[in-house]
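Colleague: The following file, structure.txt, comprises compact mmCIF, C-alpha atoms (C1' of nucleotides):
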```
# COMPACT_ATOMS: atom_id res chain seq x y z
CA MET N 109 48.55 -59.90 40.97
CA TYR N 110 44.77 -60.46 41.28
CA ILE N 111 43.79 -62.16 44.47
CA CYS N 112 40.05 -61.64 44.43
CA ILE N 113 39.14 -64.15 41.75
CA VAL N 114 36.27 -66.19 43.11
CA LYS N 115 35.96 -69.35 41.06
CA LEU N 116 38.72 -71.93 41.39
CA GLU N 117 38.48 -72.64 37.66
CA GLU N 118 39.38 -69.05 36.88
CA ALA N 119 42.07 -68.88 39.51
CA ILE N 120 44.05 -71.83 38.18
CA LYS N 121 42.80 -71.64 34.57
CA SER N 122 41.62 -75.22 34.66
CA SER N 123 38.38 -77.10 35.00
CA LYS N 124 39.80 -80.54 34.53
CA PHE N 125 39.27 -82.19 37.92
CA ARG N 126 39.17 -85.95 38.33
CA ASN N 127 36.20 -85.61 40.68
CA GLU N 128 34.83 -83.36 43.42
CA VAL N 129 37.27 -84.71 46.00
CA HIS N 130 40.21 -83.85 43.76
CA LYS N 131 38.76 -80.39 43.18
CA ALA N 132 38.30 -79.94 46.94
CA GLY N 133 41.99 -80.62 47.49
CA LEU N 134 43.01 -77.91 45.04
CA ASN N 135 40.33 -75.62 46.45
CA ILE N 136 41.69 -75.99 49.98
CA LEU N 137 45.24 -75.25 48.82
CA TYR N 138 44.16 -72.23 46.81
CA THR N 139 41.94 -70.82 49.56
CA ALA N 140 44.75 -71.18 52.10
CA TRP N 141 47.09 -69.26 49.80
CA TRP N 142 44.40 -66.61 49.31
CA LEU N 143 43.90 -66.21 53.06
CA LYS N 144 47.63 -65.98 53.75
CA THR N 145 48.05 -63.37 51.03
CA ILE N 146 45.29 -61.17 52.42
CA MET N 147 46.73 -61.35 55.92
CA SER N 148 50.35 -60.88 54.87
CA ARG N 149 49.46 -57.71 53.02
CA GLU N 150 48.18 -56.17 56.26
CA LEU N 151 51.16 -57.39 58.28
CA LYS N 152 53.71 -56.07 55.82
CA GLU N 153 53.08 -52.51 56.86
CA TYR N 154 54.31 -53.46 60.32
CA GLY N 155 57.31 -55.44 59.08
CA LEU N 156 55.86 -58.74 60.21
CA THR N 157 55.55 -61.93 58.23
CA HIS N 158 52.59 -64.24 58.60
CA GLU N 159 54.61 -66.73 60.63
CA GLN N 160 56.17 -64.08 62.88
CA TYR N 161 52.63 -62.90 63.60
CA ASN N 162 51.56 -66.45 64.44
CA VAL N 163 54.38 -66.84 66.94
CA LEU N 164 53.45 -63.56 68.63
CA ARG N 165 49.82 -64.71 68.80
CA ILE N 166 50.81 -68.01 70.37
CA LEU N 167 52.98 -66.27 72.96
CA LYS N 168 50.07 -63.99 73.81
CA GLY N 169 47.98 -67.06 74.58
CA LYS N 170 50.03 -67.71 77.71
CA TYR N 171 50.99 -64.14 78.53
CA PRO N 172 52.27 -63.06 81.01
CA ASP N 173 53.66 -66.59 81.37
CA GLN N 174 56.68 -67.47 79.27
CA MET N 175 56.71 -70.27 76.73
CA CYS N 176 59.52 -72.51 75.58
CA VAL N 177 60.31 -73.06 71.90
CA ARG N 178 58.75 -76.51 71.88
CA ASP N 179 55.45 -75.23 73.25
CA VAL N 180 55.33 -72.59 70.55
CA ALA N 181 56.23 -75.10 67.84
CA CYS N 182 53.49 -77.56 68.73
CA ARG N 183 50.90 -74.79 68.46
CA MET N 184 51.98 -73.68 65.01
CA ILE N 185 49.57 -74.36 62.19
CA GLU N 186 52.40 -75.38 59.89
CA LYS N 187 54.21 -77.92 62.02
CA SER N 188 57.55 -77.81 60.28
CA SER N 189 57.99 -74.10 60.75
CA ASN N 190 61.40 -73.37 62.13
CA VAL N 191 60.53 -71.64 65.38
CA PRO N 192 64.06 -70.83 66.61
CA ARG N 193 64.77 -68.80 63.50
CA ILE N 194 61.43 -67.02 63.58
CA ILE N 195 62.26 -66.11 67.18
CA ASP N 196 65.66 -64.83 65.96
CA ARG N 197 63.94 -62.24 63.81
CA LEU N 198 61.44 -61.26 66.48
CA GLU N 199 64.29 -60.84 68.95
CA VAL N 200 66.25 -58.58 66.61
CA LYS N 201 63.14 -56.41 66.34
CA LYS N 202 62.89 -56.49 70.15
CA LEU N 203 59.36 -57.91 70.06
CA VAL N 204 60.34 -60.90 72.22
CA LYS N 205 63.06 -61.72 74.73
CA ARG N 206 64.86 -65.04 74.87
CA ASN N 207 66.29 -66.55 78.06
CA THR N 208 67.61 -69.89 79.14
CA SER N 209 65.22 -71.60 81.52
CA ALA N 210 66.40 -71.82 85.12
CA GLU N 211 64.77 -75.21 85.76
CA ASP N 212 65.98 -76.86 82.57
CA LYS N 213 68.98 -75.27 80.95
CA ARG N 214 68.17 -76.92 77.62
CA GLU N 215 65.02 -74.90 77.32
CA THR N 216 64.81 -71.41 75.90
CA VAL N 217 61.94 -69.42 77.32
CA ILE N 218 60.44 -66.62 75.33
CA THR N 219 58.60 -63.55 76.57
CA LEU N 220 56.66 -60.93 74.70
CA THR N 221 58.05 -57.44 75.23
CA PRO N 222 55.75 -54.43 75.62
CA ALA N 223 56.62 -53.56 72.01
CA GLY N 224 55.64 -57.08 70.99
CA LEU N 225 52.32 -56.86 72.81
CA ASN N 226 51.67 -53.52 71.23
CA ILE N 227 52.38 -54.50 67.64
CA LEU N 228 50.33 -57.66 68.16
CA ALA N 229 47.34 -55.66 69.35
CA ILE N 230 47.53 -53.30 66.40
CA THR N 231 48.08 -55.97 63.76
CA THR N 232 45.44 -58.28 65.20
CA GLU N 233 42.90 -55.51 64.87
CA LYS N 234 44.01 -54.95 61.26
CA VAL N 235 44.01 -58.64 60.34
CA ASN N 236 40.61 -59.25 61.92
CA ARG N 237 39.12 -56.33 60.08
CA VAL N 238 40.52 -57.29 56.70
CA LEU N 239 39.24 -60.84 57.17
CA GLU N 240 35.81 -59.57 58.15
CA GLU N 241 35.79 -57.40 55.05
CA ASN N 242 36.89 -60.21 52.76
CA VAL N 243 35.23 -63.27 54.21
CA GLU N 244 31.49 -62.86 54.26
CA MET N 245 30.21 -66.06 55.77
CA ASP N 246 27.66 -66.65 58.45
CA GLU N 247 28.33 -68.80 61.50
CA ALA N 248 26.17 -71.69 60.30
CA CYS N 249 28.06 -71.97 57.00
CA ALA N 250 31.37 -71.72 58.78
CA ALA N 251 30.39 -74.47 61.20
CA GLN N 252 29.45 -76.68 58.28
CA LEU N 253 32.76 -75.89 56.59
CA ASN N 254 34.63 -76.79 59.78
CA ALA N 255 32.82 -80.12 59.99
CA LEU N 256 33.72 -80.91 56.38
CA LEU N 257 37.37 -79.96 56.81
CA GLU N 258 37.61 -82.24 59.83
CA ARG N 259 36.16 -84.99 57.65
CA VAL N 260 38.84 -84.41 55.03
CA ARG N 261 41.43 -85.26 57.65
CA ILE N 262 39.63 -88.31 59.05
CA LYS N 263 41.55 -91.49 58.59
CA GLU N 264 39.31 -94.32 59.77
CA MET Z 94 56.05 -85.42 63.51
CA TYR Z 95 52.40 -86.60 63.73
CA ILE Z 96 50.36 -85.57 60.79
CA CYS Z 97 47.24 -87.64 61.33
CA ILE Z 98 45.70 -85.66 64.15
CA VAL Z 99 42.08 -85.13 63.26
CA LYS Z 100 40.68 -82.38 65.43
CA LEU Z 101 41.95 -78.87 64.82
CA GLU Z 102 41.93 -78.20 68.57
CA GLU Z 103 44.41 -81.02 69.12
CA ALA Z 104 46.52 -80.06 66.14
CA ILE Z 105 47.15 -76.52 67.29
CA LYS Z 106 46.59 -77.10 71.03
CA SER Z 107 43.98 -74.42 71.21
CA SER Z 108 40.23 -74.17 71.35
CA LYS Z 109 40.03 -70.44 71.72
CA PHE Z 110 38.39 -69.30 68.49
CA ARG Z 111 36.60 -65.99 68.21
CA ASN Z 112 33.81 -67.66 66.26
CA GLU Z 113 33.21 -70.36 63.66
CA VAL Z 114 34.46 -68.16 60.82
CA HIS Z 115 37.75 -67.58 62.63
CA LYS Z 116 38.06 -71.31 63.29
CA ALA Z 117 37.33 -72.01 59.61
CA GLY Z 118 40.25 -69.81 58.59
CA LEU Z 119 42.66 -71.72 60.80
CA ASN Z 120 41.10 -75.00 59.70
CA ILE Z 121 41.68 -74.18 56.03
CA LEU Z 122 45.32 -73.23 56.68
CA TYR Z 123 45.95 -76.37 58.72
CA THR Z 124 44.23 -78.68 56.25
CA ALA Z 125 46.23 -77.20 53.39
CA TRP Z 126 49.46 -77.84 55.30
CA TRP Z 127 48.30 -81.39 56.06
CA LEU Z 128 47.54 -82.07 52.38
CA LYS Z 129 50.86 -80.66 51.19
CA THR Z 130 52.74 -82.73 53.75
CA ILE Z 131 51.07 -85.96 52.69
CA MET Z 132 51.80 -85.28 49.03
CA SER Z 133 55.36 -84.10 49.57
CA ARG Z 134 56.22 -87.27 51.43
CA GLU Z 135 55.34 -89.30 48.34
CA LEU Z 136 57.18 -86.97 45.98
CA LYS Z 137 60.34 -86.92 48.03
CA GLU Z 138 61.23 -90.45 46.99
CA TYR Z 139 61.46 -89.16 43.41
CA GLY Z 140 63.39 -86.04 44.31
CA LEU Z 141 60.50 -83.73 43.47
CA THR Z 142 59.09 -80.93 45.58
CA HIS Z 143 55.40 -80.19 45.67
CA GLU Z 144 55.84 -77.13 43.47
CA GLN Z 145 58.07 -78.89 40.95
CA TYR Z 146 55.36 -81.52 40.66
CA ASN Z 147 52.74 -78.82 40.10
CA VAL Z 148 54.76 -77.32 37.26
CA LEU Z 149 55.14 -80.71 35.60
CA ARG Z 150 51.38 -81.30 35.96
CA ILE Z 151 50.61 -77.94 34.38
CA LEU Z 152 52.97 -78.62 31.47
CA LYS Z 153 51.27 -81.98 30.94
CA GLY Z 154 47.96 -80.16 30.57
CA LYS Z 155 49.08 -78.78 27.18
CA TYR Z 156 51.41 -81.58 26.16
CA PRO Z 157 52.70 -82.05 23.49
CA ASP Z 158 52.31 -78.30 23.05
CA GLN Z 159 54.89 -76.09 24.75
CA MET Z 160 54.02 -73.49 27.36
CA CYS Z 161 55.69 -70.21 28.18
CA VAL Z 162 56.66 -69.26 31.73
CA ARG Z 163 53.76 -66.85 32.11
CA ASP Z 164 51.20 -69.49 31.13
CA VAL Z 165 52.61 -71.84 33.74
CA ALA Z 166 52.66 -69.12 36.39
CA CYS Z 167 49.03 -68.12 35.96
CA ARG Z 168 47.97 -71.73 36.45
CA MET Z 169 49.88 -72.19 39.71
CA ILE Z 170 47.79 -72.55 42.85
CA GLU Z 171 50.16 -70.31 44.78
CA LYS Z 172 50.39 -67.31 42.48
CA SER Z 173 53.63 -65.87 43.75
CA SER Z 174 55.59 -69.03 43.10
CA ASN Z 175 58.77 -68.22 41.29
CA VAL Z 176 58.33 -70.26 38.14
CA PRO Z 177 61.66 -69.47 36.41
CA ARG Z 178 63.59 -70.91 39.35
CA ILE Z 179 61.38 -73.96 39.66
CA ILE Z 180 62.05 -74.52 35.95
CA ASP Z 181 65.78 -74.14 36.68
CA ARG Z 182 65.68 -77.18 38.95
CA LEU Z 183 63.53 -79.22 36.61
CA GLU Z 184 65.91 -78.39 33.78
CA VAL Z 185 68.97 -79.52 35.79
CA LYS Z 186 67.18 -82.83 36.37
CA LYS Z 187 66.42 -82.98 32.63
CA LEU Z 188 62.68 -83.24 33.24
CA VAL Z 189 61.94 -80.18 31.06
CA LYS Z 190 63.65 -78.32 28.25
CA ARG Z 191 63.81 -74.57 27.97
CA ASN Z 192 63.98 -72.65 24.66
CA THR Z 193 63.56 -69.11 23.52
CA SER Z 194 60.37 -68.69 21.54
CA ALA Z 195 60.87 -68.06 17.83
CA GLU Z 196 57.84 -65.75 17.51
CA ASP Z 197 58.63 -63.63 20.57
CA LYS Z 198 62.21 -63.70 21.74
CA ARG Z 199 61.18 -62.49 25.21
CA GLU Z 200 59.29 -65.69 25.84
CA THR Z 201 60.83 -68.87 27.14
CA VAL Z 202 58.97 -71.95 26.06
CA ILE Z 203 59.14 -75.10 28.13
CA THR Z 204 58.67 -78.69 27.06
CA LEU Z 205 58.35 -81.86 29.09
CA THR Z 206 61.07 -84.38 28.26
CA PRO Z 207 60.28 -88.12 28.09
CA ALA Z 208 61.91 -88.40 31.53
CA GLY Z 209 59.61 -85.66 32.80
CA LEU Z 210 56.54 -87.36 31.40
CA ASN Z 211 57.64 -90.60 32.94
CA ILE Z 212 58.31 -89.29 36.45
CA LEU Z 213 55.04 -87.37 36.30
CA ALA Z 214 53.09 -90.53 35.45
CA ILE Z 215 54.69 -92.47 38.29
CA THR Z 216 54.36 -89.77 40.92
CA THR Z 217 50.80 -88.89 39.90
CA GLU Z 218 49.82 -92.49 40.50
CA LYS Z 219 51.52 -92.39 43.92
CA VAL Z 220 50.01 -89.06 44.93
CA ASN Z 221 46.52 -90.04 43.83
CA ARG Z 222 46.73 -93.27 45.77
CA VAL Z 223 47.98 -91.68 48.97
CA LEU Z 224 45.22 -89.07 48.77
CA GLU Z 225 42.61 -91.76 48.21
CA GLU Z 226 43.94 -93.60 51.24
CA ASN Z 227 43.99 -90.53 53.46
CA VAL Z 228 40.98 -88.56 52.31
CA GLU Z 229 37.81 -90.57 52.72
CA MET Z 230 35.10 -88.30 51.51
CA ASP Z 231 32.19 -88.98 49.19
CA GLU Z 232 31.45 -86.86 46.15
CA ALA Z 233 28.43 -85.17 47.73
CA CYS Z 234 30.40 -83.98 50.75
CA ALA Z 235 33.24 -82.81 48.54
CA ALA Z 236 30.83 -80.85 46.37
CA GLN Z 237 29.41 -79.19 49.45
CA LEU Z 238 32.91 -78.39 50.65
CA ASN Z 239 33.76 -76.85 47.29
CA ALA Z 240 30.67 -74.67 47.42
CA LEU Z 241 31.59 -73.45 50.91
CA LEU Z 242 35.21 -72.71 49.96
CA GLU Z 243 34.00 -70.64 47.02
CA ARG Z 244 31.80 -68.76 49.46
CA VAL Z 245 34.80 -68.03 51.66
CA ARG Z 246 36.35 -66.19 48.75
CA ILE Z 247 33.25 -64.29 47.72
CA LYS Z 248 33.61 -60.56 47.96
CA GLU Z 249 30.26 -59.02 47.13
C1' DA E 202 63.95 -45.24 11.98
C1' DA E 203 64.35 -43.66 16.84
C1' DC E 204 61.89 -43.43 21.00
C1' DC E 205 58.85 -44.91 24.72
C1' DG E 206 56.05 -47.66 27.43
C1' DA E 207 54.68 -52.32 28.26
C1' DT E 208 55.76 -57.11 28.66
C1' DA E 209 58.50 -61.59 29.57
C1' DG E 210 61.65 -63.43 32.05
C1' DA E 211 65.80 -63.54 34.96
C1' DT E 212 68.08 -62.22 39.07
C1' DG E 213 68.85 -60.42 43.89
C1' DT E 214 67.54 -60.43 48.81
C1' DA E 215 65.16 -61.61 53.06
C1' DT E 216 62.42 -64.89 55.08
C1' DA E 217 60.24 -69.46 55.45
C1' DT E 218 60.02 -74.52 54.81
C1' DA E 219 61.71 -79.22 55.08
C1' DC E 220 64.88 -82.04 56.61
C1' DA E 221 69.47 -83.48 58.47
C1' DT E 222 72.80 -82.94 61.84
C1' DA E 223 75.16 -80.87 65.91
C1' DT E 224 75.44 -79.49 70.76
C1' DA E 225 74.31 -79.34 75.36
C1' DA E 226 71.67 -80.71 79.21
C1' DA E 227 68.69 -83.95 81.47
C1' DT E 228 67.31 -88.63 82.32
C1' DT E 229 67.87 -93.44 82.56
C1' DA E 230 70.61 -97.56 82.72
C1' DA E 231 74.60 -100.09 83.87
C1' DT H 164 78.85 -92.52 89.23
C1' DT H 165 79.90 -93.14 84.63
C1' DA H 166 77.95 -94.19 80.25
C1' DA H 167 74.18 -94.32 77.09
C1' DT H 168 69.93 -92.41 75.64
C1' DT H 169 66.68 -88.95 75.14
C1' DT H 170 65.23 -84.24 74.84
C1' DA H 171 65.50 -79.16 73.66
C1' DT H 172 67.30 -76.16 70.79
C1' DA H 173 70.41 -74.43 67.33
C1' DT H 174 72.56 -74.70 62.91
C1' DG H 175 73.43 -76.07 57.99
C1' DT H 176 71.64 -76.73 53.28
C1' DA H 177 68.47 -76.86 49.41
C1' DT H 178 64.30 -75.17 47.87
C1' DA H 179 60.33 -72.05 47.95
C1' DT H 180 57.99 -67.57 48.74
C1' DA H 181 57.39 -62.61 48.38
C1' DC H 182 58.79 -58.76 46.45
C1' DA H 183 61.96 -55.52 44.05
C1' DT H 184 64.78 -54.61 40.23
C1' DC H 185 67.22 -55.44 35.89
C1' DT H 186 67.55 -56.67 30.91
C1' DA H 187 65.91 -57.74 26.50
C1' DT H 188 62.35 -57.45 23.34
C1' DC H 189 58.04 -56.09 21.45
C1' DG H 190 54.53 -52.85 19.86
C1' DG H 191 52.97 -48.46 19.00
C1' DT H 192 53.90 -43.48 18.17
C1' DT H 193 56.09 -39.79 16.21
```
Would you write out, as structure tokens, the structure that this file holds?

Modeller:
Amino acid sequence: MYICIVKLEEAIKSSKFRNEVHKAGLNILYTAWWLKTIMSRELKEYGLTHEQYNVLRILKGKYPDQMCVRDVACRMIEKSSNVPRIIDRLEVKKLVKRNTSAEDKRETVITLTPAGLNILAITTEKVNRVLEENVEMDEACAAQLNALLERVRIKE
Amino acid sequence: MYICIVKLEEAIKSSKFRNEVHKAGLNILYTAWWLKTIMSRELKEYGLTHEQYNVLRILKGKYPDQMCVRDVACRMIEKSSNVPRIIDRLEVKKLVKRNTSAEDKRETVITLTPAGLNILAITTEKVNRVLEENVEMDEACAAQLNALLERVRIKE
DNA sequence: AACCGATAGATGTATATACATATAAATTAA
DNA sequence: TTAATTTATATGTATATACATCTATCGGTT
């Protein structure tokens, strides 16, 4: 499976776009898939999926504080990810611990284990490096791209 | 589930980005999720998933010619989509027909049925309209965005 | 013609997504 | 204080993704 094709037209074997806005939509979807594929390839070696890695990263953001499932969920990039079941898999691998909150027994609080912290440190280094190697873009361009992506999502 | 949050920082409750390039990566992933969610909501009414819709759209590109599974697969935006099983579901709904190719018995050729053409016409109209309503971007901006996304994927 | 490697597609498995529903605890209202 | 409502999480189901493997067929070689 080639994943280093540059032009969108080559990647999806089509150059029939209604207009530039339509093309941008497809371009965003394709680039997101491309990014996820690059990252997942690195994570695979450590038995982590992209979403499991995201949950570990989010937990790290509050470490050493615990987080409840809801707080993790609202920080996920893909909002309909099923956090309880991602936690299931991380728990089996002993990368996180799950406990019922003392203050509110409905809440499940999640803690990174030392093993979780460790694998996160290693994989983060790997993922950052592979992105640096694959995405060659200066800060000014990236800032411009960010501004345009925010505009895509503007609804008056 | 809110899907009309504009700023990335609000969407993922974080403003800790290593740099603009890192933020752009997250921004691309989030925007792709946002686009898919908007489109899927429209398709749901017609019992189609986003990927089923993509396959129908690809088949339409060659209509009335047939396409084999491999030709559909290489035109998918997400390359590791499992086309035979997406075809399974479309076939059950009688939106496509599957036949073994006469020239090469390994190949399965797929044809849009009139029902498939019909649902594709209706849903395309719906999807295009909802994107027009939600994405307010002029052609010049979109062209700039496309150029930047291609740059993201450039590997010297 | 028989064999061998390559190709096309189908199938199996684990995980994720999207959405509906269930369960338990907390909060509010009666 | 009981009942109703809301909230937090878990669970169930259908589909999709990612990847491995299996089967049938094709094309080339001997």

Colleague: Using all atoms listed in the file, which of E:DA209, E:DC204, E:DA217, E:DA231 sits nearest chain N?

Modeller: E:DA217

Colleague: Superimpose chain Z on chain N so that the squared distances between all in-order C-alpha pairs are minimised, and send the result as a CSV table (one decimal) with C-alpha atoms, in the coordinates of the input.

Modeller:
```
chain,number,residue,atom,x,y,z
Z,94,MET,CA,48.5,-59.8,41.0
Z,95,TYR,CA,44.7,-60.4,41.3
Z,96,ILE,CA,43.8,-62.1,44.5
Z,97,CYS,CA,40.0,-61.6,44.4
Z,98,ILE,CA,39.1,-64.2,41.7
Z,99,VAL,CA,36.3,-66.2,43.1
Z,100,LYS,CA,36.0,-69.4,41.0
Z,101,LEU,CA,38.7,-71.9,41.4
Z,102,GLU,CA,38.5,-72.7,37.6
Z,103,GLU,CA,39.4,-69.1,36.9
Z,104,ALA,CA,42.1,-68.9,39.5
Z,105,ILE,CA,44.0,-71.8,38.2
Z,106,LYS,CA,42.8,-71.7,34.6
Z,107,SER,CA,41.6,-75.2,34.6
Z,108,SER,CA,38.4,-77.1,35.0
Z,109,LYS,CA,39.8,-80.6,34.5
Z,110,PHE,CA,39.3,-82.2,37.9
Z,111,ARG,CA,39.2,-86.0,38.3
Z,112,ASN,CA,36.2,-85.6,40.7
Z,113,GLU,CA,34.8,-83.4,43.4
Z,114,VAL,CA,37.3,-84.7,46.0
Z,115,HIS,CA,40.2,-83.8,43.8
Z,116,LYS,CA,38.8,-80.4,43.2
Z,117,ALA,CA,38.3,-80.0,46.9
Z,118,GLY,CA,42.0,-80.6,47.5
Z,119,LEU,CA,43.0,-77.9,45.1
Z,120,ASN,CA,40.3,-75.6,46.4
Z,121,ILE,CA,41.7,-76.0,50.0
Z,122,LEU,CA,45.2,-75.3,48.8
Z,123,TYR,CA,44.2,-72.2,46.8
Z,124,THR,CA,41.9,-70.8,49.6
Z,125,ALA,CA,44.7,-71.2,52.1
Z,126,TRP,CA,47.1,-69.3,49.8
Z,127,TRP,CA,44.4,-66.6,49.3
Z,128,LEU,CA,43.9,-66.2,53.1
Z,129,LYS,CA,47.6,-66.0,53.8
Z,130,THR,CA,48.0,-63.4,51.0
Z,131,ILE,CA,45.3,-61.2,52.4
Z,132,MET,CA,46.7,-61.4,55.9
Z,133,SER,CA,50.3,-60.9,54.9
Z,134,ARG,CA,49.5,-57.7,53.0
Z,135,GLU,CA,48.2,-56.2,56.2
Z,136,LEU,CA,51.2,-57.4,58.3
Z,137,LYS,CA,53.7,-56.1,55.8
Z,138,GLU,CA,53.1,-52.5,56.8
Z,139,TYR,CA,54.3,-53.5,60.3
Z,140,GLY,CA,57.3,-55.4,59.1
Z,141,LEU,CA,55.9,-58.7,60.2
Z,142,THR,CA,55.6,-61.9,58.2
Z,143,HIS,CA,52.6,-64.2,58.6
Z,144,GLU,CA,54.6,-66.7,60.6
Z,145,GLN,CA,56.2,-64.1,62.9
Z,146,TYR,CA,52.6,-62.9,63.6
Z,147,ASN,CA,51.6,-66.5,64.4
Z,148,VAL,CA,54.4,-66.8,66.9
Z,149,LEU,CA,53.5,-63.6,68.6
Z,150,ARG,CA,49.8,-64.7,68.8
Z,151,ILE,CA,50.8,-68.0,70.4
Z,152,LEU,CA,53.0,-66.3,73.0
Z,153,LYS,CA,50.1,-64.0,73.8
Z,154,GLY,CA,48.0,-67.1,74.6
Z,155,LYS,CA,50.0,-67.7,77.7
Z,156,TYR,CA,51.0,-64.1,78.5
Z,157,PRO,CA,52.3,-63.1,81.0
Z,158,ASP,CA,53.6,-66.6,81.4
Z,159,GLN,CA,56.7,-67.5,79.3
Z,160,MET,CA,56.7,-70.3,76.7
Z,161,CYS,CA,59.5,-72.5,75.6
Z,162,VAL,CA,60.3,-73.1,71.9
Z,163,ARG,CA,58.8,-76.5,71.9
Z,164,ASP,CA,55.5,-75.2,73.3
Z,165,VAL,CA,55.3,-72.6,70.6
Z,166,ALA,CA,56.2,-75.1,67.8
Z,167,CYS,CA,53.5,-77.6,68.7
Z,168,ARG,CA,50.9,-74.8,68.5
Z,169,MET,CA,52.0,-73.7,65.0
Z,170,ILE,CA,49.6,-74.4,62.2
Z,171,GLU,CA,52.4,-75.4,59.9
Z,172,LYS,CA,54.2,-77.9,62.1
Z,173,SER,CA,57.6,-77.8,60.3
Z,174,SER,CA,58.0,-74.1,60.8
Z,175,ASN,CA,61.4,-73.4,62.2
Z,176,VAL,CA,60.5,-71.6,65.4
Z,177,PRO,CA,64.1,-70.8,66.6
Z,178,ARG,CA,64.8,-68.8,63.5
Z,179,ILE,CA,61.4,-67.0,63.6
Z,180,ILE,CA,62.3,-66.1,67.2
Z,181,ASP,CA,65.7,-64.8,66.0
Z,182,ARG,CA,63.9,-62.2,63.8
Z,183,LEU,CA,61.4,-61.3,66.5
Z,184,GLU,CA,64.3,-60.9,69.0
Z,185,VAL,CA,66.2,-58.6,66.6
Z,186,LYS,CA,63.1,-56.4,66.4
Z,187,LYS,CA,62.9,-56.5,70.2
Z,188,LEU,CA,59.4,-57.9,70.1
Z,189,VAL,CA,60.3,-60.9,72.2
Z,190,LYS,CA,63.0,-61.7,74.7
Z,191,ARG,CA,64.9,-65.0,74.9
Z,192,ASN,CA,66.3,-66.6,78.1
Z,193,THR,CA,67.6,-69.9,79.2
Z,194,SER,CA,65.2,-71.6,81.5
Z,195,ALA,CA,66.4,-71.9,85.1
Z,196,GLU,CA,64.8,-75.2,85.8
Z,197,ASP,CA,66.0,-76.9,82.6
Z,198,LYS,CA,69.0,-75.3,80.9
Z,199,ARG,CA,68.2,-76.9,77.6
Z,200,GLU,CA,65.0,-74.9,77.3
Z,201,THR,CA,64.8,-71.4,75.9
Z,202,VAL,CA,62.0,-69.5,77.3
Z,203,ILE,CA,60.5,-66.6,75.3
Z,204,THR,CA,58.6,-63.6,76.6
Z,205,LEU,CA,56.7,-60.9,74.7
Z,206,THR,CA,58.1,-57.4,75.2
Z,207,PRO,CA,55.8,-54.4,75.6
Z,208,ALA,CA,56.6,-53.6,72.0
Z,209,GLY,CA,55.6,-57.1,71.0
Z,210,LEU,CA,52.3,-56.9,72.8
Z,211,ASN,CA,51.7,-53.5,71.2
Z,212,ILE,CA,52.4,-54.5,67.6
Z,213,LEU,CA,50.3,-57.7,68.2
Z,214,ALA,CA,47.3,-55.6,69.4
Z,215,ILE,CA,47.5,-53.3,66.4
Z,216,THR,CA,48.1,-55.9,63.7
Z,217,THR,CA,45.4,-58.3,65.2
Z,218,GLU,CA,42.9,-55.5,64.8
Z,219,LYS,CA,44.0,-54.9,61.2
Z,220,VAL,CA,44.0,-58.6,60.3
Z,221,ASN,CA,40.6,-59.2,61.9
Z,222,ARG,CA,39.1,-56.3,60.0
Z,223,VAL,CA,40.5,-57.3,56.7
Z,224,LEU,CA,39.2,-60.8,57.2
Z,225,GLU,CA,35.8,-59.5,58.1
Z,226,GLU,CA,35.8,-57.4,55.0
Z,227,ASN,CA,36.9,-60.2,52.7
Z,228,VAL,CA,35.2,-63.3,54.2
Z,229,GLU,CA,31.5,-62.9,54.3
Z,230,MET,CA,30.2,-66.1,55.7
Z,231,ASP,CA,27.6,-66.7,58.4
Z,232,GLU,CA,28.3,-68.8,61.5
Z,233,ALA,CA,26.2,-71.7,60.3
Z,234,CYS,CA,28.0,-72.0,57.0
Z,235,ALA,CA,31.4,-71.7,58.8
Z,236,ALA,CA,30.4,-74.5,61.2
Z,237,GLN,CA,29.4,-76.7,58.3
Z,238,LEU,CA,32.7,-75.9,56.6
Z,239,ASN,CA,34.6,-76.8,59.8
Z,240,ALA,CA,32.8,-80.1,60.0
Z,241,LEU,CA,33.7,-80.9,56.4
Z,242,LEU,CA,37.4,-80.0,56.8
Z,243,GLU,CA,37.6,-82.3,59.8
Z,244,ARG,CA,36.1,-85.0,57.6
Z,245,VAL,CA,38.8,-84.4,55.0
Z,246,ARG,CA,41.4,-85.3,57.7
Z,247,ILE,CA,39.6,-88.3,59.0
Z,248,LYS,CA,41.6,-91.5,58.6
Z,249,GLU,CA,39.4,-94.3,59.8
```

Colleague: From (68.0, -58.7, 46.1), in the file's coordinates, out to 10 Å: which residues are reached, counting all atoms listed in the file? Answer as a list of chain:residue names.

Modeller: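 Protein and nucleic acid residues near the point are E:DT212, E:DG213, E:DT214, E:DA215, H:DC182, H:DA183, H:DT184.
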
Colleague: Can I get the selected residues back with C-alpha atoms (C1' of nucleotides), as a short mmCIF file (atom, residue, chain, number, x, y, z; two decimals), in the frame of the given file?

Modeller:
```
data_model
loop_
_atom_site.label_atom_id
_atom_site.label_comp_id
_atom_site.auth_asym_id
_atom_site.auth_seq_id
_atom_site.Cartn_x
_atom_site.Cartn_y
_atom_site.Cartn_z
"C1'" DT E 212 68.08 -62.22 39.07
"C1'" DG E 213 68.85 -60.42 43.89
"C1'" DT E 214 67.54 -60.43 48.81
"C1'" DA E 215 65.16 -61.61 53.06
"C1'" DC H 182 58.79 -58.76 46.45
"C1'" DA H 183 61.96 -55.52 44.05
"C1'" DT H 184 64.78 -54.61 40.23
#
```

Colleague: May I have the residues of chain Z within 8 Å of chain E, counting only C-alpha atoms (C1' of nucleotides), written as a list in words?

Modeller: Val162, Arg163, Pro177, Arg199, Glu200 and Thr201 of chain Z

Colleague: Between atom CA of Ser174 of chain Z and atom C1' of DA179 of chain H, what is the distance, to one decimal in Å?

Modeller: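 Atom-to-atom, atom CA of Ser174 of chain Z to atom C1' of DA179 of chain H, that is 7.4 Å.
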